[in-house]
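Engineer: Sharing a structure with you now.
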Amino acid sequence: MPFEGKNLVGVDIGTSAVKVIQVRESGKGVHLMKYGIEPLPPQSIVDGHVMNRGAVVDALAKIFRDLKISQREVAVSISGNSVIIKKLNLPLMKRDELEEQIQWEAEQHIPYEISEVEIDYNILWQNPEVGQMDVLLVAAKKEEIQDLVEVVRQARLRPMVVDIDSFALQNVYEVNYGYNEGETVTLLNVGASVTTVNIVQGSVSQFTRDISNGGNSITDEIQKQLQVSHDEAEAYKAGGSLDSQEVIPQEVDGIIRNVVDALAGEIQRSLDFYMATTNRGEVERILLTGGTAKIPYLRSAIERRSRVQVEPLDPFRRVLYDHRQFDPQVLKTQAPQASICLGLALRKQKERV
C-alpha cells in the first residue's frame with residue numbers, strides 16, 4: 001500500500017523500558033535522527049497492562065525533552081494476549097463482500113465478544129485461477145488500545161498508528177535485509193515479558209505468535225532460588241552485581257541456562273506448529289533480536305533446538321546516521337532493544353492503521 005506524509009516518531013513502551021526513535025527517509029535511505037531509552041520501574045507494565053501510568057508518562061516526557069523532539073505525532077504498538085492474528089483461506093471475493101465476511105470470520109476465530117475488540121485485515125495473496133485468497137485477520141482488545149493511547153496522550157503526544165509488534169519487526173527486516181521471494185525466515189523478538197514470532201516467506205507473513213515468556217522469567221527464577229532482590233537478580237542476569245566487589249553466585253549460570261532452554265523449547269514448539277500446519281516451506285534461518293537476545297546462551301539454545309541457523313537481527317544494518325552524533329559501538333550494544341521502536345518509526349502519517 002502507498003505510504004504518504006512524513007515519518008511518525010516510534011514509541012515502544014516495553015515492560016522494562018520506553019524506547020523512542022525518530023528517522024527521516026530520503027532517496028538515499030533511512031536516516032537515524034534521534035534515539036533514546038528510559039528504564040521503567042519494575043511492575044510498571046504487567047502482562048501488557050499499564051500498572052504505573054505516572055512512571056510511563058514521566059519516562060516519555062523525559063525522553064522527548066532530553067532528545068529535543070518537537071514532533072508530537074507517534075506510532076505505538078501492542079503485543080501479547082490482547083492481540084489475535086489469524087490467517088484465513090477464503091474464496092476469492094470483492095472488497096465489499098470481504099468486509100461482511102470478515103465480521104463473520106472474526107466471530108468464529110476470536111475468543112472475545114466482537115464488541116470488545118478492534119478488527120483489521122489485510123489481503124496477503126489472491127489466486128483467480130483457483131478462486132482462493134489468503135487474508136490476515138488482526139484483532140486487539142479495545143481496552144488495551146485505549147489504555148495505551150491514553151498514556152501516550154497524557155505525555156502530550158498524538159498517537160496516529162497503533163501497530164502490532166510482529167509487523168513492526170517485519171518493517172525493520174524489509175528495510176535492512178530486503179525480501180527474497182524464495183526464502184522463509186523467522187523474525188524473533190525476545191523481550192522482557194513477551195517473545196514475538198513472525199515467520200515470513202518472501203514478503204508475506206505466514207505465521208505469527210506471541211509467547212508470554214521472556215527475560216523477566218530469568219530474573220524471577222534467580223530472585224526466587226537465591227532469595228535476592230529484583231535489582232540484584234537483574235544485575236546477576238546481566239553478568240554483574242550491585243556491589244562491584246561481590247562475586248556472582250555460581251548457581252546463576254545454571255539458572256540462566258535452564259530458563260533459556262525452556263524458552264527455546266517454547267519457540268521450537270511454535271516452529272513445529274507452523275511446519276505441521278503449512279506446506280509453505282521450511283524455515284531457512286532465524287533472525288534474533290530483543291533485549292533478552294543479549295543473554296549469551298539464548299542464541300545457541302534456539303539453534304540447538306530448532307536445528308536452524310540463528311543470526312542477530314541488526315536494525316541499523318542499512319540505516320544511515322551521523323557518527324559524530326551516534327557512537328557506532330553504543331548503537332551496536334543497544335541494537336537488540338531498538339528493533340520494534342525502529343519499525344514503528346518507519347510508519348507514516350497517512351498510512352492506514
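In the C-alpha cells, chains take letters A, B, ... by order of appearance, with residues numbered from 1 within each chain and ligands from 1 in the order shown.
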Neighbours of His31 (chain A) within 10 Å (only C-alpha atoms; same-chain residues fewer than 6 positions away dropped), as a list in words?
Structural biologist: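 Within the cut-off, the hits are Gln22, Val23, Arg24, Glu25, Phe316, Arg318, Val319, Leu320, Tyr321 and Asp322 of chain A.
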Engineer: Within region 159-219 of chain A, find each residue whose DSSP state, derived from the backbone, is strand (DSSP E), and express the selection as a ChimeraX atom specification.
Structural biologist: /A:159-164,184-190,195-201,204-211
Engineer: Now that the selection is made, can you save its residues with C-alpha atoms as an mmCIF file, in the first residue's frame?
Structural biologist:
data_model
loop_
_atom_site.group_PDB
_atom_site.id
_atom_site.type_symbol
_atom_site.label_atom_id
_atom_site.label_comp_id
_atom_site.auth_asym_id
_atom_site.auth_seq_id
_atom_site.Cartn_x
_atom_site.Cartn_y
_atom_site.Cartn_z
ATOM 1 C CA PRO A 159 -0.884 8.535 18.668
ATOM 2 C CA MET A 160 -1.568 8.228 14.922
ATOM 3 C CA VAL A 161 -0.924 4.488 14.464
ATOM 4 C CA VAL A 162 -1.373 1.535 16.829
ATOM 5 C CA ASP A 163 0.685 -1.278 15.309
ATOM 6 C CA ILE A 164 1.423 -4.887 16.232
ATOM 7 C CA THR A 184 11.470 -18.405 4.609
ATOM 8 C CA VAL A 185 12.810 -16.517 7.647
ATOM 9 C CA THR A 186 11.721 -16.424 11.279
ATOM 10 C CA LEU A 187 11.886 -12.976 12.886
ATOM 11 C CA LEU A 188 12.205 -13.473 16.627
ATOM 12 C CA ASN A 189 11.975 -10.650 19.170
ATOM 13 C CA VAL A 190 12.610 -11.813 22.746
ATOM 14 C CA THR A 195 8.516 -13.260 22.719
ATOM 15 C CA THR A 196 7.217 -12.367 19.242
ATOM 16 C CA VAL A 197 7.487 -14.938 16.425
ATOM 17 C CA ASN A 198 6.881 -13.837 12.811
ATOM 18 C CA ILE A 199 7.605 -16.348 10.030
ATOM 19 C CA VAL A 200 7.961 -14.544 6.699
ATOM 20 C CA GLN A 201 8.139 -16.167 3.278
ATOM 21 C CA VAL A 204 4.359 -12.278 3.215
ATOM 22 C CA SER A 205 3.908 -13.074 6.897
ATOM 23 C CA GLN A 206 2.851 -16.731 7.026
ATOM 24 C CA PHE A 207 2.627 -17.266 10.779
ATOM 25 C CA THR A 208 2.740 -15.077 13.888
ATOM 26 C CA ARG A 209 2.571 -15.915 17.563
ATOM 27 C CA ASP A 210 3.260 -14.090 20.821
ATOM 28 C CA ILE A 211 4.689 -16.255 23.605
#
Engineer: Skipping near chain neighbours, those fewer than 3 positions away, what residues fall within 12 Å of Lys62 (chain A) using only C-alpha atoms, listed as a list in words?
Structural biologist: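 That gives Val18, Lys19, Val20, Gly36, Ile37, Glu38, Pro39, Leu40, Ala55, Val56, Val57, Asp58, Ala59, Arg65, Asp66, Leu67, Lys68, Ile69, Ala155 and Arg156 of chain A.
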Engineer: What gap, in Å, lies between CA of Asn122 (chain A) and CA of Arg95 (chain A)?
Structural biologist: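 According to the coordinates, CA of Asn122 (chain A) and CA of Arg95 (chain A) are separated by 10.7 Å.
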Engineer: Contacts of Ile340 (chain A) at 6 Å or less, counting only C-alpha atoms, minus same-chain residues fewer than 2 places along, as a ChimeraX atom specification?
Structural biologist: /A:168-169,338,342-343
Engineer: Would you please extract all helix (DSSP H, G or I) residues from region 253-334 of chain A, as assigned by DSSP on the backbone, and give them as a VMD selection string?
Structural biologist: chain A and resid 253 to 277 291 to 294 296 to 306 328 to 334
Engineer: Do a neighbour search on Ile110 (chain A) at 12 Å with only C-alpha atoms, toss out local chain neighbours closer than 6 positions, and write the hits as a ChimeraX atom specification.
Structural biologist: /A:81-86,102-104,116-119,137-141
Engineer: Select from region 244-263 of chain A every residue with an atom at most 10 Å from any atom of region 214-223 of chain A, then for each give the shortest pair of atoms and their distance in Å to one decimal, using only C-alpha atoms, rows by chain and rising number, as CSV.
Structural biologist:
residue,atom,partner,partner_atom,distance
A:Glu251,CA,A:Ile222,CA,8.7
A:Val252,CA,A:Ile222,CA,6.7
A:Asp253,CA,A:Ile222,CA,9.7
A:Gly254,CA,A:Ile222,CA,9.9
A:Ile255,CA,A:Ile222,CA,6.6
A:Ile256,CA,A:Ile218,CA,6.0
A:Arg257,CA,A:Ile218,CA,9.1
A:Asn258,CA,A:Ile218,CA,9.0
A:Val259,CA,A:Ile218,CA,6.0
A:Val260,CA,A:Ile218,CA,7.6
A:Leu263,CA,A:Gly214,CA,7.4
Engineer: Could the residues in this selection be saved with C-alpha atoms as a CSV table (one decimal), in the first residue's frame?
Structural biologist:
chain,number,residue,atom,x,y,z
A,251,GLU,CA,24.3,-21.0,40.7
A,252,VAL,CA,23.4,-18.1,38.4
A,253,ASP,CA,24.9,-19.7,35.3
A,254,GLY,CA,22.8,-22.9,35.7
A,255,ILE,CA,19.6,-21.0,36.5
A,256,ILE,CA,20.0,-18.9,33.3
A,257,ARG,CA,20.8,-22.0,31.2
A,258,ASN,CA,17.7,-23.8,32.5
A,259,VAL,CA,15.3,-20.9,31.9
A,260,VAL,CA,16.7,-20.1,28.5
A,263,LEU,CA,12.1,-20.6,26.4
